[in-house]
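Next up, input_36.cif (mmCIF, C-alpha atoms):
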```cif
data_final
#
loop_
_atom_site.group_PDB
_atom_site.id
_atom_site.type_symbol
_atom_site.label_atom_id
_atom_site.label_comp_id
_atom_site.auth_asym_id
_atom_site.auth_seq_id
_atom_site.Cartn_x
_atom_site.Cartn_y
_atom_site.Cartn_z
ATOM 1 C CA SER W 25 12.281 4.887 -27.431
ATOM 2 C CA ASP W 26 8.957 5.939 -25.877
ATOM 3 C CA TRP W 27 7.645 2.451 -26.644
ATOM 4 C CA LEU W 28 10.595 0.842 -24.839
ATOM 5 C CA GLU W 29 9.996 3.062 -21.809
ATOM 6 C CA MET W 30 6.294 2.121 -21.755
ATOM 7 C CA ARG W 31 6.864 -1.671 -21.915
ATOM 8 C CA PRO W 32 7.773 -2.036 -18.210
ATOM 9 C CA ARG W 33 4.784 0.111 -17.261
ATOM 10 C CA ARG W 34 2.415 -1.968 -19.366
ATOM 11 C CA ALA W 35 3.900 -5.181 -17.989
ATOM 12 C CA LEU W 36 3.438 -3.907 -14.417
ATOM 13 C CA ALA W 37 -0.141 -2.832 -15.097
ATOM 14 C CA THR W 38 -0.956 -6.155 -16.794
ATOM 15 C CA ALA W 39 0.505 -8.149 -13.895
ATOM 16 C CA LEU W 40 -1.354 -6.031 -11.351
ATOM 17 C CA VAL W 41 -4.652 -6.446 -13.214
ATOM 18 C CA GLY W 42 -4.194 -10.228 -13.300
ATOM 19 C CA VAL W 43 -3.395 -10.466 -9.598
ATOM 20 C CA LEU W 44 -6.235 -8.134 -8.611
ATOM 21 C CA LEU W 45 -8.735 -10.037 -10.771
ATOM 22 C CA LEU W 46 -7.675 -13.315 -9.142
ATOM 23 C CA LEU W 47 -8.022 -11.798 -5.670
ATOM 24 C CA LEU W 48 -11.422 -10.331 -6.486
ATOM 25 C CA LEU W 49 -12.646 -13.740 -7.606
ATOM 26 C CA LEU W 50 -11.345 -15.451 -4.458
ATOM 27 C CA LEU W 51 -12.327 -12.900 -1.807
ATOM 28 C CA PRO W 52 -15.819 -12.593 -0.342
ATOM 29 C CA PRO W 53 -17.853 -9.536 -1.387
ATOM 30 C CA SER W 54 -16.675 -6.194 -0.047
ATOM 31 C CA PRO W 55 -17.997 -5.275 3.418
ATOM 32 C CA LEU W 56 -18.283 -1.748 2.004
ATOM 33 C CA ALA W 57 -20.962 -2.849 -0.442
ATOM 34 C CA PRO W 58 -24.518 -1.879 0.477
ATOM 35 C CA ALA W 59 -26.600 -4.906 1.501
ATOM 36 C CA ALA W 60 -29.113 -4.231 -1.308
ATOM 37 C CA VAL W 61 -26.505 -4.611 -4.066
ATOM 38 C CA PRO W 62 -26.541 -8.119 -5.531
ATOM 39 C CA PRO W 63 -23.220 -10.028 -5.824
ATOM 40 C CA LEU W 64 -21.399 -10.318 -9.150
ATOM 41 C CA GLY W 65 -23.055 -12.539 -11.693
ATOM 42 C CA MET W 66 -26.589 -11.570 -10.711
ATOM 43 C CA ALA W 67 -28.806 -8.819 -12.126
ATOM 44 C CA GLY W 68 -26.721 -5.995 -10.644
ATOM 45 C CA VAL W 69 -23.050 -5.237 -10.363
ATOM 46 C CA ALA W 70 -21.182 -5.174 -7.062
ATOM 47 C CA PRO W 71 -19.273 -1.969 -6.325
ATOM 48 C CA LYS W 72 -15.571 -1.925 -7.090
ATOM 49 C CA PRO W 73 -13.193 -2.528 -4.186
ATOM 50 C CA ARG W 74 -11.241 0.540 -3.031
ATOM 51 C CA LEU W 75 -7.463 0.438 -2.652
ATOM 52 C CA LEU W 76 -5.102 2.901 -1.001
ATOM 53 C CA CYS W 77 -2.102 2.783 -3.349
ATOM 54 C CA LEU W 78 1.434 3.514 -2.114
ATOM 55 C CA HIS W 79 3.932 4.531 -4.796
ATOM 56 C CA GLY W 80 7.650 3.834 -5.018
ATOM 57 C CA LYS W 81 10.505 6.040 -3.780
ATOM 58 C CA GLY W 82 10.901 9.253 -5.746
ATOM 59 C CA GLU W 83 7.511 8.972 -7.476
ATOM 60 C CA THR W 84 4.348 10.978 -7.004
ATOM 61 C CA GLY W 85 0.855 9.675 -6.414
ATOM 62 C CA ALA W 86 -0.180 11.063 -9.816
ATOM 63 C CA ASP W 87 2.717 9.239 -11.558
ATOM 64 C CA PHE W 88 1.757 5.982 -9.875
ATOM 65 C CA ALA W 89 -1.932 6.456 -10.710
ATOM 66 C CA ARG W 90 -0.989 6.757 -14.404
ATOM 67 C CA ARG W 91 1.179 3.622 -14.218
ATOM 68 C CA ILE W 92 -1.634 1.523 -12.744
ATOM 69 C CA ALA W 93 -4.532 3.185 -14.588
ATOM 70 C CA ALA W 94 -5.555 -0.168 -16.127
ATOM 71 C CA LEU W 95 -6.567 -1.312 -12.644
ATOM 72 C CA GLY W 96 -9.152 1.460 -12.537
ATOM 73 C CA GLU W 97 -11.558 -0.841 -14.361
ATOM 74 C CA LEU W 98 -11.439 -3.288 -11.448
ATOM 75 C CA ALA W 99 -10.933 -1.084 -8.394
ATOM 76 C CA ASP W 100 -11.201 2.497 -7.200
ATOM 77 C CA LEU W 101 -7.615 3.647 -6.687
ATOM 78 C CA VAL W 102 -6.481 6.409 -4.338
ATOM 79 C CA CYS W 103 -2.808 7.323 -4.818
ATOM 80 C CA PRO W 104 -1.567 10.005 -2.393
ATOM 81 C CA ASP W 105 1.919 11.519 -2.416
ATOM 82 C CA ALA W 106 4.149 10.139 0.354
ATOM 83 C CA PRO W 107 4.813 12.598 3.205
ATOM 84 C CA HIS W 108 8.554 13.160 2.622
ATOM 85 C CA LYS W 109 9.765 15.316 -0.298
ATOM 86 C CA LEU W 110 12.572 13.681 -2.293
ATOM 87 C CA GLY W 111 13.879 15.446 -5.406
ATOM 88 C CA GLY W 112 10.974 15.864 -7.825
ATOM 89 C CA GLY W 113 8.897 13.251 -6.031
ATOM 90 C CA PHE W 114 8.231 11.836 -2.596
ATOM 91 C CA ALA W 115 9.356 9.021 -0.287
ATOM 92 C CA TRP W 116 7.701 7.116 2.534
ATOM 93 C CA TRP W 117 10.837 7.657 4.653
ATOM 94 C CA LEU W 118 14.335 9.030 4.258
ATOM 95 C CA LEU W 119 17.487 6.950 4.506
ATOM 96 C CA PRO W 120 20.921 7.507 6.025
ATOM 97 C CA PRO W 121 23.659 8.022 3.390
ATOM 98 C CA GLY W 122 24.595 4.809 1.577
ATOM 99 C CA GLU W 123 21.640 2.824 2.893
ATOM 100 C CA ARG W 124 18.740 1.149 1.071
ATOM 101 C CA SER W 125 15.305 0.404 2.529
ATOM 102 C CA PHE W 126 16.233 -3.265 2.981
ATOM 103 C CA THR W 127 19.667 -2.591 4.580
ATOM 104 C CA THR W 128 19.055 0.431 6.798
ATOM 105 C CA PRO W 129 18.693 0.069 10.569
ATOM 106 C CA VAL W 130 16.289 3.060 10.668
ATOM 107 C CA PHE W 131 13.526 4.643 8.584
ATOM 108 C CA GLU W 132 13.880 8.394 9.157
ATOM 109 C CA GLY W 133 10.373 9.873 9.443
ATOM 110 C CA TRP W 134 8.684 6.517 10.213
ATOM 111 C CA ASP W 135 6.209 7.863 12.794
ATOM 112 C CA GLU W 136 5.096 10.613 10.410
ATOM 113 C CA THR W 137 4.595 8.013 7.668
ATOM 114 C CA VAL W 138 2.478 5.721 9.854
ATOM 115 C CA THR W 139 0.340 8.681 10.956
ATOM 116 C CA PHE W 140 0.000 9.768 7.308
ATOM 117 C CA VAL W 141 -1.170 6.302 6.149
ATOM 118 C CA ARG W 142 -3.674 6.039 8.999
ATOM 119 C CA ARG W 143 -5.017 9.539 8.371
ATOM 120 C CA ASN W 144 -5.473 8.790 4.650
ATOM 121 C CA TRP W 145 -7.142 5.449 5.486
ATOM 122 C CA VAL W 146 -9.747 7.302 7.551
ATOM 123 C CA GLU W 147 -10.154 10.557 5.618
ATOM 124 C CA GLN W 148 -10.182 9.113 2.088
ATOM 125 C CA GLY W 149 -11.675 5.711 2.954
ATOM 126 C CA PRO W 150 -13.268 3.384 3.503
ATOM 127 C CA PHE W 151 -10.864 1.038 1.715
ATOM 128 C CA ASP W 152 -10.752 -2.696 1.098
ATOM 129 C CA GLY W 153 -6.975 -2.905 1.030
ATOM 130 C CA LEU W 154 -3.508 -1.532 0.427
ATOM 131 C CA LEU W 155 -1.496 -1.823 -2.783
ATOM 132 C CA GLY W 156 2.199 -0.952 -2.733
ATOM 133 C CA PHE W 157 4.999 -0.900 -5.267
ATOM 134 C CA SER W 158 8.724 -0.883 -4.399
ATOM 135 C CA GLN W 159 9.137 1.401 -1.352
ATOM 136 C CA GLY W 160 5.329 1.435 -1.027
ATOM 137 C CA ALA W 161 5.335 -2.379 -0.853
ATOM 138 C CA ILE W 162 8.152 -2.326 1.710
ATOM 139 C CA LEU W 163 6.001 0.118 3.680
ATOM 140 C CA ILE W 164 3.115 -2.386 3.786
ATOM 141 C CA ALA W 165 5.488 -5.127 4.987
ATOM 142 C CA ALA W 166 6.863 -2.739 7.633
ATOM 143 C CA LEU W 167 3.338 -1.821 8.792
ATOM 144 C CA VAL W 168 2.538 -5.512 9.228
ATOM 145 C CA ALA W 169 5.858 -6.293 10.946
ATOM 146 C CA SER W 170 5.611 -3.330 13.331
ATOM 147 C CA GLY W 171 2.058 -4.152 14.357
ATOM 148 C CA ALA W 172 0.861 -0.808 12.985
ATOM 149 C CA LEU W 173 -2.097 -2.537 11.334
ATOM 150 C CA ARG W 174 -3.227 -3.998 14.669
ATOM 151 C CA ALA W 175 -4.735 -2.172 17.644
ATOM 152 C CA ALA W 176 -2.636 -2.041 20.806
ATOM 153 C CA ALA W 177 -4.021 -4.076 23.698
ATOM 154 C CA GLY W 178 -6.870 -2.079 25.165
ATOM 155 C CA SER W 179 -6.850 0.552 22.368
ATOM 156 C CA PRO W 180 -10.007 0.953 20.300
ATOM 157 C CA PRO W 181 -9.317 0.891 16.527
ATOM 158 C CA GLY W 182 -8.218 4.289 15.252
ATOM 159 C CA GLU W 183 -7.283 5.624 18.688
ATOM 160 C CA PRO W 184 -3.715 6.854 19.309
ATOM 161 C CA GLU W 185 -1.254 4.480 20.946
ATOM 162 C CA SER W 186 1.519 5.507 23.324
ATOM 163 C CA GLY W 187 3.945 5.926 20.394
ATOM 164 C CA GLY W 188 1.746 8.645 18.919
ATOM 165 C CA THR W 189 1.252 6.900 15.596
ATOM 166 C CA GLY W 190 -2.423 6.030 16.114
ATOM 167 C CA GLY W 191 -4.333 2.760 16.345
ATOM 168 C CA ALA W 192 -5.036 0.049 13.810
ATOM 169 C CA LEU W 193 -6.594 0.749 10.442
ATOM 170 C CA SER W 194 -10.342 0.494 10.781
ATOM 171 C CA PRO W 195 -11.902 -1.305 9.099
ATOM 172 C CA PRO W 196 -8.828 -3.507 8.741
ATOM 173 C CA PRO W 197 -7.548 -4.167 5.216
ATOM 174 C CA ARG W 198 -9.012 -7.282 3.623
ATOM 175 C CA VAL W 199 -6.167 -7.514 1.136
ATOM 176 C CA LEU W 200 -2.523 -6.418 0.982
ATOM 177 C CA LEU W 201 -0.932 -6.333 -2.476
ATOM 178 C CA LEU W 202 2.866 -5.973 -2.527
ATOM 179 C CA PHE W 203 4.812 -5.658 -5.795
ATOM 180 C CA GLY W 204 8.583 -5.291 -6.017
ATOM 181 C CA ALA W 205 9.015 -5.583 -2.254
ATOM 182 C CA ALA W 206 11.998 -6.415 -0.074
ATOM 183 C CA PRO W 207 12.133 -6.994 3.687
ATOM 184 C CA PRO W 208 12.104 -3.691 5.608
ATOM 185 C CA GLY W 209 15.623 -3.256 7.061
ATOM 186 C CA PRO W 210 14.653 -1.976 10.524
ATOM 187 C CA LEU W 211 11.962 -4.657 10.942
ATOM 188 C CA ARG W 212 13.630 -7.800 9.587
ATOM 189 C CA ARG W 213 13.508 -9.587 12.956
ATOM 190 C CA GLU W 214 9.851 -8.751 13.512
ATOM 191 C CA LEU W 215 8.940 -9.913 10.000
ATOM 192 C CA ALA W 216 10.896 -13.157 10.483
ATOM 193 C CA ALA W 217 9.144 -13.737 13.838
ATOM 194 C CA LEU W 218 5.732 -13.278 12.180
ATOM 195 C CA ALA W 219 6.681 -15.714 9.413
ATOM 196 C CA ALA W 220 7.893 -18.262 11.973
ATOM 197 C CA ALA W 221 4.686 -17.881 14.003
ATOM 198 C CA GLU W 222 2.650 -18.535 10.865
ATOM 199 C CA GLY W 223 4.716 -21.639 10.090
ATOM 200 C CA GLY W 224 6.543 -19.971 7.167
#
```
Step by step, read the file and then write its structure as structure tokens.
Amino acid sequence: SDWLEMRPRRALATALVGVLLLLLLLLPPSPLAPAAVPPLGMAGVAPKPRLLCLHGKGETGADFARRIAALGELADLVCPDAPHKLGGGFAWWLLPPGERSFTTPVFEGWDETVTFVRRNWVEQGPFDGLLGFSQGAILIAALVASGALRAAAGSPPGEPESGGTGGALSPPPRVLLLFGAAPPGPLRRELAALAAAEGG
């Protein structure tokens, strides 16, 4: 039975490794790499990209780190616990009774979550990107849809905006990896507007 429980974890890790390897081959070298380090394929080895990893609802950062440990060969992974306690784990926001992240009209604790992500981006960074699974992936979509990854007009990156949730992530993420995502309920319109503006 342990083997059956591990199969989904191995499948997730294998899929994540494949996607990350493809992205690493397609993206330009990390801006975090020192200028003296040669690119891949030359005499030296480029530093691994760094990813801030956002776990699913009810998990812990340590649980998620174990599930995606295979990615550690390709990237430095930082997996914090979400800011809201939920049972034996954590959540990126709390939900009204009977709601799911893709149906709810409100994410309870949203401002605290945005502040938490931005603080971790600065204090534990620099990072090349964000990786999210399930509620963590929905969080990345919600950050994009809400504009939380962009600076407000006239706000320097990292400076607080009028809503108190801070400025854009700086440096901005070069890659966003979402696995097991759904549209964020409170931001469906904003996400649809972004897709329409991009021709999608």
Practice task
Report as a PyMOL selection string the full result of the PyMOL selection byres ((chain W and resi 85-88) around 6) when it is applied to this structure.
Solution key: chain W and resi 79+84+89-91+103-105
Problem - Pick from W:Pro73, W:Pro107, W:Pro121, W:Gly160, whichever lies nearest to Pro208 in chain W using only C-alpha atoms - result: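 Of all the options, W:Gly160 lies closest to Pro208 in chain W.
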Handout entry: Among the residues W:Glu83, W:Glu136, W:Glu123, W:Glu147, the one that comes closest to Ser194 in chain W [using all atoms listed in the file]
Key =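 Closest residue, counting all atoms listed in the file: W:Glu147.
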Problem - Explicit residues for the PyMOL selection byres ((chain W and resi 77) around 12) (as an NGL selection string) - result: :W and (40 or 74-76 or 78-80 or 84-93 or 95-96 or 99-106 or 141 or 144-145 or 148-149 or 151-161 or 163-164 or 199-203)
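Relative to CA of Phe114 in chain W, CA of Lys81 in chain W is found at 6.3 Å.
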Handout entry: Nearest to Gly82 in chain W, chosen from W:Gly112, W:Ala70, W:Asp135, W:Ala206, with only C-alpha atoms counted in the distances
Key =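 Comparing W:Gly112, W:Ala70, W:Asp135, W:Ala206 against Gly82 in chain W, the winner is W:Gly112.
For the set W:Ser125, W:Val130, W:Ala205, W:Leu215, the residue with the smallest atom-to-atom gap to Val168 in chain W is W:Leu215, counting only C-alpha atoms.
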Size and centre in Å, one decimal, axis-aligned box, all listed range 218-222 of chain W atoms plus 4 Å per side, as AutoDock Vina command-line options:
```
--center_x 5.3 --center_y -15.9 --center_z 11.7 --size_x 13.2 --size_y 13.3 --size_z 12.6
```
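A straight line drawn from CA of Ala192 in chain W to CA of Val146 in chain W is 10.7 Å long.
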Exercise for the section: Choose the residue, out of W:Leu173, W:Ala165, W:Gly133, W:Val138, that has the smallest atom-to-atom separation from Pro196 in chain W; count all atoms listed in the file. Expected result: W:Leu173
Exercise for the section: Find the distance between CA of Phe131 in chain W and CA of Pro210 in chain W and write it in Å to one decimal. Expected result: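 Separating CA of Phe131 in chain W from CA of Pro210 in chain W is a distance of 7.0 Å.
Checking W:Arg174, W:Arg142, W:Arg212, W:Arg198 one by one against Ile162 in chain W, counting all atoms listed in the file, you find the shortest gap at W:Arg212.
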Residues in the PyMOL selection byres ((chain W and resi 117) around 8), expressed as a compact mmCIF listing (two decimals) with C-alpha atoms, in the frame of the given file:
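What landed in out.txt:
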```txt
# COMPACT_ATOMS: atom_id res chain seq x y z
CA PRO W 107 4.81 12.60 3.20
CA HIS W 108 8.55 13.16 2.62
CA ALA W 115 9.36 9.02 -0.29
CA TRP W 116 7.70 7.12 2.53
CA LEU W 118 14.34 9.03 4.26
CA LEU W 119 17.49 6.95 4.51
CA PHE W 131 13.53 4.64 8.58
CA GLU W 132 13.88 8.39 9.16
CA GLY W 133 10.37 9.87 9.44
CA TRP W 134 8.68 6.52 10.21
CA THR W 137 4.60 8.01 7.67
```
